[in-house]
Amino acid sequence: MTRSDVLRASRRSATLVVGLIVSLVFLYIGLSGLKLSEVWDGMRGIHLGWLGAGAAVYFLAVWGRTWRWHYLLRSIKGIELRRLFPIVVIGYMGNNVYPFRAGEVIRAYVLKRDEQVSMSSSLATIVIERIFDGLVMLIFVFVALPFADFQEPWLRDVVFFSTLLFWGAFLAFLWVALRPQTMRRLYSAVFDRLLPAALSVRFKGLADHFLLGLDNLRHPRDLFMTLVSSVFIWLTETTKYWLVMHAFDFEVSFFVLMVMTAVVNLATTLPSSPGYVGTFDTPGIKTLTAYGVKETTAASYTLVLHAALWLPITMLGFYYLYRKGLSWRDFARAQQAVGEGDAADQAVAVGREGVA
């Protein structure tokens with residue numbers, strides 16, 4: 001094992017440890033003081049038919065995610081939805097079983113393997129997805145709060161810092177997309193000054209591909225369609241929250257569930273264990289109890305909802321993983337490909353340098 005392999009393994013171990021600590025802290029906050037036997041009783045008495053309906057609606061949201069990614073990839077390569085859907089599912093499965101959203105990397109890796117799309121370009125489109133997801137979560141909060149007033153101070157803090165993060169990221173990437181030549185001159189000068197010639201060529205090639213992935217941000221119609229598809233995705237997922245709620249003996253308005261959707265998904269941007277354990281559950285429990293839901297009922301519902309979101313797409317992801325002949329080792333290869341740059345990117349970069 002080389003020194004770089006040891007360093008990568010150490011980073012992965014440190015990442016996992018940090019995520020586990022964050023998850024345990026969140027779980028302690030969310031479940032402390034509860035009688036777990038009552039939480040379990042609330043979970044045992046649910047109506048399973050509503051869970052099945054929720055699962056069906058959730059996969060409609062996954063199809064919406066596939067269409068959005070197809071749209072964002074158009075400027076790079078047109079890919080049929082039926083070929084893209086399994087890759088999206090594998091990516092979300094990876095998010096559920098690896099920490100720090102590592103499934104995004106495996107999604108780009110599988111797309112590279114199957115469709116010869118540069119990982120740098122596809123990762124740029126995935127970054128755009130995450131930014132728009134965050135912006136839609138903030139829209140949900142601002143739309144829902146007049147109908148579901150929520151005075152908890154921690155929500156104001158979440159909204160404030162999330163607004164800074166996602167709007168700041170959006171404006172920064174928009175600036176980069178609108179000024180590609182300026183950005184290219186800037187990073188070329190930095191790489192040429194700080195890196196050896198071979199590494200400079202490689203990194204300039206990767207950065208060029210990343211800029212290509214941001215191309216959609218330059219066009220107002222593309223921005224609008226990305227926003228519309230993102231709203232559809234999250235309204236559909238909130239509908240799953242609403243359907244699963246009917247499996248329990250409580251009821252809140254759809255606007256309350258919009259707030260819950262926003263809060264839990266903003267919280268899952270924090271580092272955590274695989275599957276967002278704790279960072280999903282505790283914010284969900286606290287949001288529902290703030291609206292008057294009994295705490296044990298809120299815990300039962302949130303834990304079941306989390307499982308209903310996690311299990312179907314994870315099982316389908318494993319199925320597609322098997323169908324495509326992939327294994328766990330491909331997750332490690334994906335991480336390595338991002339760190340080192342794939343061969344095609346390097347070849348393009350070398351070719352561009354030679355023409356220059």
# chains A, B, ... in the order shown; residues from 1 in each chain; ligands from 1
>>> closest_atom_pairs(of="range 90-127 of chain A", to="range 306-324 of chain A", cutoff="10 Å", atoms="only C-alpha atoms", output="tab-separated table")
residue	atom	partner	partner_atom	distance
A:Ile90	CA	A:Gly317	CA	4.4
A:Gly91	CA	A:Gly317	CA	7.7
A:Tyr92	CA	A:Ile313	CA	7.1
A:Met93	CA	A:Thr314	CA	4.4
A:Gly94	CA	A:Thr314	CA	7.9
A:Asn95	CA	A:Thr314	CA	9.0
A:Asn96	CA	A:Trp310	CA	6.7
A:Val97	CA	A:Thr314	CA	8.1
A:Val110	CA	A:Lys324	CA	9.2
A:Asp114	CA	A:Lys324	CA	9.3
>>> select_by_dssp(residues="range 35-114 of chain A", states="alpha helix (DSSP H)", output="CSV table (one decimal) with C-alpha atoms, in the first residue's frame")
chain,number,residue,atom,x,y,z
A,36,LEU,CA,-38.5,4.0,23.7
A,37,SER,CA,-41.2,1.4,24.5
A,38,GLU,CA,-43.9,4.0,23.7
A,39,VAL,CA,-42.0,5.0,20.5
A,40,TRP,CA,-41.9,1.3,19.5
A,41,ASP,CA,-45.6,0.9,20.2
A,42,GLY,CA,-46.4,3.8,18.0
A,43,MET,CA,-44.4,2.3,15.2
A,44,ARG,CA,-46.1,-1.1,15.5
A,48,LEU,CA,-49.0,-0.3,6.1
A,49,GLY,CA,-51.1,0.7,3.0
A,50,TRP,CA,-50.1,4.3,3.5
A,51,LEU,CA,-46.4,3.4,3.5
A,52,GLY,CA,-46.9,1.6,0.1
A,53,ALA,CA,-48.6,4.7,-1.3
A,54,GLY,CA,-45.8,6.9,0.0
A,55,ALA,CA,-43.1,4.7,-1.6
A,56,ALA,CA,-44.9,4.9,-5.0
A,57,VAL,CA,-45.0,8.7,-4.8
A,58,TYR,CA,-41.3,8.8,-3.7
A,59,PHE,CA,-40.2,7.1,-6.8
A,60,LEU,CA,-42.1,9.7,-8.8
A,61,ALA,CA,-39.8,12.2,-7.1
A,62,VAL,CA,-36.8,10.1,-8.1
A,63,TRP,CA,-38.0,10.1,-11.7
A,64,GLY,CA,-38.2,13.9,-11.3
A,65,ARG,CA,-34.6,14.0,-10.1
A,66,THR,CA,-33.6,11.9,-13.2
A,67,TRP,CA,-35.3,14.3,-15.5
A,68,ARG,CA,-33.6,17.3,-13.8
A,69,TRP,CA,-30.2,15.7,-14.2
A,70,HIS,CA,-31.0,14.8,-17.8
A,71,TYR,CA,-31.8,18.5,-18.4
A,72,LEU,CA,-28.6,19.7,-16.7
A,73,LEU,CA,-26.5,17.3,-18.7
A,81,LEU,CA,-34.0,8.9,-19.1
A,82,ARG,CA,-34.2,5.2,-19.0
A,83,ARG,CA,-30.4,4.9,-19.1
A,84,LEU,CA,-30.0,7.7,-16.5
A,85,PHE,CA,-32.6,6.5,-13.9
A,86,PRO,CA,-30.5,3.5,-12.7
A,87,ILE,CA,-27.4,5.7,-12.3
A,88,VAL,CA,-29.4,8.2,-10.2
A,89,VAL,CA,-30.8,5.4,-8.0
A,90,ILE,CA,-27.3,3.9,-7.5
A,91,GLY,CA,-26.1,7.4,-6.5
A,92,TYR,CA,-28.8,7.8,-3.9
A,93,MET,CA,-28.2,4.3,-2.6
A,94,GLY,CA,-24.5,5.4,-2.2
A,95,ASN,CA,-25.6,8.4,-0.2
A,96,ASN,CA,-27.6,6.1,2.1
A,97,VAL,CA,-24.7,3.7,2.9
A,103,GLY,CA,-23.0,8.5,-3.6
A,104,GLU,CA,-22.7,11.7,-5.6
A,105,VAL,CA,-19.2,10.6,-6.5
A,106,ILE,CA,-20.2,7.1,-7.5
A,107,ARG,CA,-23.0,8.6,-9.6
A,108,ALA,CA,-20.5,10.6,-11.6
A,109,TYR,CA,-18.2,7.6,-11.8
A,110,VAL,CA,-20.9,5.3,-13.2
A,111,LEU,CA,-21.9,8.0,-15.7
A,112,LYS,CA,-18.3,8.2,-16.8
A,113,ARG,CA,-18.1,4.4,-17.2
A,114,ASP,CA,-21.4,4.1,-19.0
>>> closest_residue(among="A:Tyr187, A:Val201, A:Val18, A:Trp175", to="Leu214 in chain A", atoms="only C-alpha atoms")
A:Trp175
>>> atom_distance(atom1="CA of Val244 in chain A", atom2="CA of Gly19 in chain A")
27.7 Å
>>> atom_distance(atom1="CA of Val17 in chain A", atom2="CA of Thr282 in chain A")
19.4 Å
>>> closest_atom_pairs(of="range 138-205 of chain A", to="range 248-271 of chain A", cutoff="10 Å", atoms="only C-alpha atoms", output="CSV")
residue,atom,partner,partner_atom,distance
A:Leu138,CA,A:Ala262,CA,6.8
A:Ile139,CA,A:Ala262,CA,8.7
A:Phe140,CA,A:Met258,CA,5.9
A:Val141,CA,A:Val259,CA,5.3
A:Phe142,CA,A:Val259,CA,8.8
A:Val143,CA,A:Phe255,CA,8.3
A:Ala144,CA,A:Phe255,CA,5.0
A:Leu145,CA,A:Val259,CA,7.5
A:Pro146,CA,A:Phe255,CA,9.1
A:Phe147,CA,A:Phe255,CA,6.6
A:Ala148,CA,A:Val256,CA,5.7
A:Asp149,CA,A:Val256,CA,8.8
A:Phe150,CA,A:Val259,CA,9.0
A:Leu155,CA,A:Val263,CA,7.8
A:Val158,CA,A:Val263,CA,7.7
A:Val159,CA,A:Val263,CA,8.5
A:Ser162,CA,A:Leu266,CA,7.3
>>> write_last_selection(atoms="C-alpha atoms", output="PDB file, in the first residue's frame")
ATOM      1  CA  LEU A 138     -35.703  27.984   1.829  1.00  0.00           C
ATOM      2  CA  ILE A 139     -38.633  28.778  -0.489  1.00  0.00           C
ATOM      3  CA  PHE A 140     -40.673  26.128   1.328  1.00  0.00           C
ATOM      4  CA  VAL A 141     -39.947  27.757   4.684  1.00  0.00           C
ATOM      5  CA  PHE A 142     -40.857  31.262   3.504  1.00  0.00           C
ATOM      6  CA  VAL A 143     -44.022  30.056   1.711  1.00  0.00           C
ATOM      7  CA  ALA A 144     -45.227  27.842   4.574  1.00  0.00           C
ATOM      8  CA  LEU A 145     -44.487  30.001   7.615  1.00  0.00           C
ATOM      9  CA  PRO A 146     -47.437  32.408   7.129  1.00  0.00           C
ATOM     10  CA  PHE A 147     -49.736  29.367   7.240  1.00  0.00           C
ATOM     11  CA  ALA A 148     -47.749  27.416   9.839  1.00  0.00           C
ATOM     12  CA  ASP A 149     -46.224  30.000  12.157  1.00  0.00           C
ATOM     13  CA  PHE A 150     -43.132  28.681  13.904  1.00  0.00           C
ATOM     14  CA  LEU A 155     -35.442  27.574  13.092  1.00  0.00           C
ATOM     15  CA  VAL A 158     -31.201  27.405  10.482  1.00  0.00           C
ATOM     16  CA  VAL A 159     -32.901  29.673   7.936  1.00  0.00           C
ATOM     17  CA  SER A 162     -28.804  28.291   5.178  1.00  0.00           C
TER      18      SER A 162
END
>>> residues_around(residues="Ile131 in chain A", least_positions_apart="6", cutoff="8 Å", atoms="only C-alpha atoms", output="list in words")
Phe166, Ala169 and Phe170 of chain A
>>> atom_distance(atom1="CA of Ser230 in chain A", atom2="CA of Gln116 in chain A")
25.9 Å
>>> closest_residue(among="A:Arg221, A:Arg193, A:His246, A:Lys35", to="Ala299 in chain A", atoms="only C-alpha atoms")
A:Lys35
>>> residues_around(residues="Leu223 in chain A", least_positions_apart="5", cutoff="10 Å", atoms="only C-alpha atoms", output="number ranges by chain")
A: 72, 132, 216-218, 228
>>> closest_residue(among="A:Leu305, A:Ile128, A:Ile285, A:Ala197", to="Leu174 in chain A", atoms="only C-alpha atoms")
A:Ile128
>>> closest_residue(among="A:Leu165, A:Ala124, A:Ile46, A:Val22", to="Asp208 in chain A", atoms="only C-alpha atoms")
A:Ala124
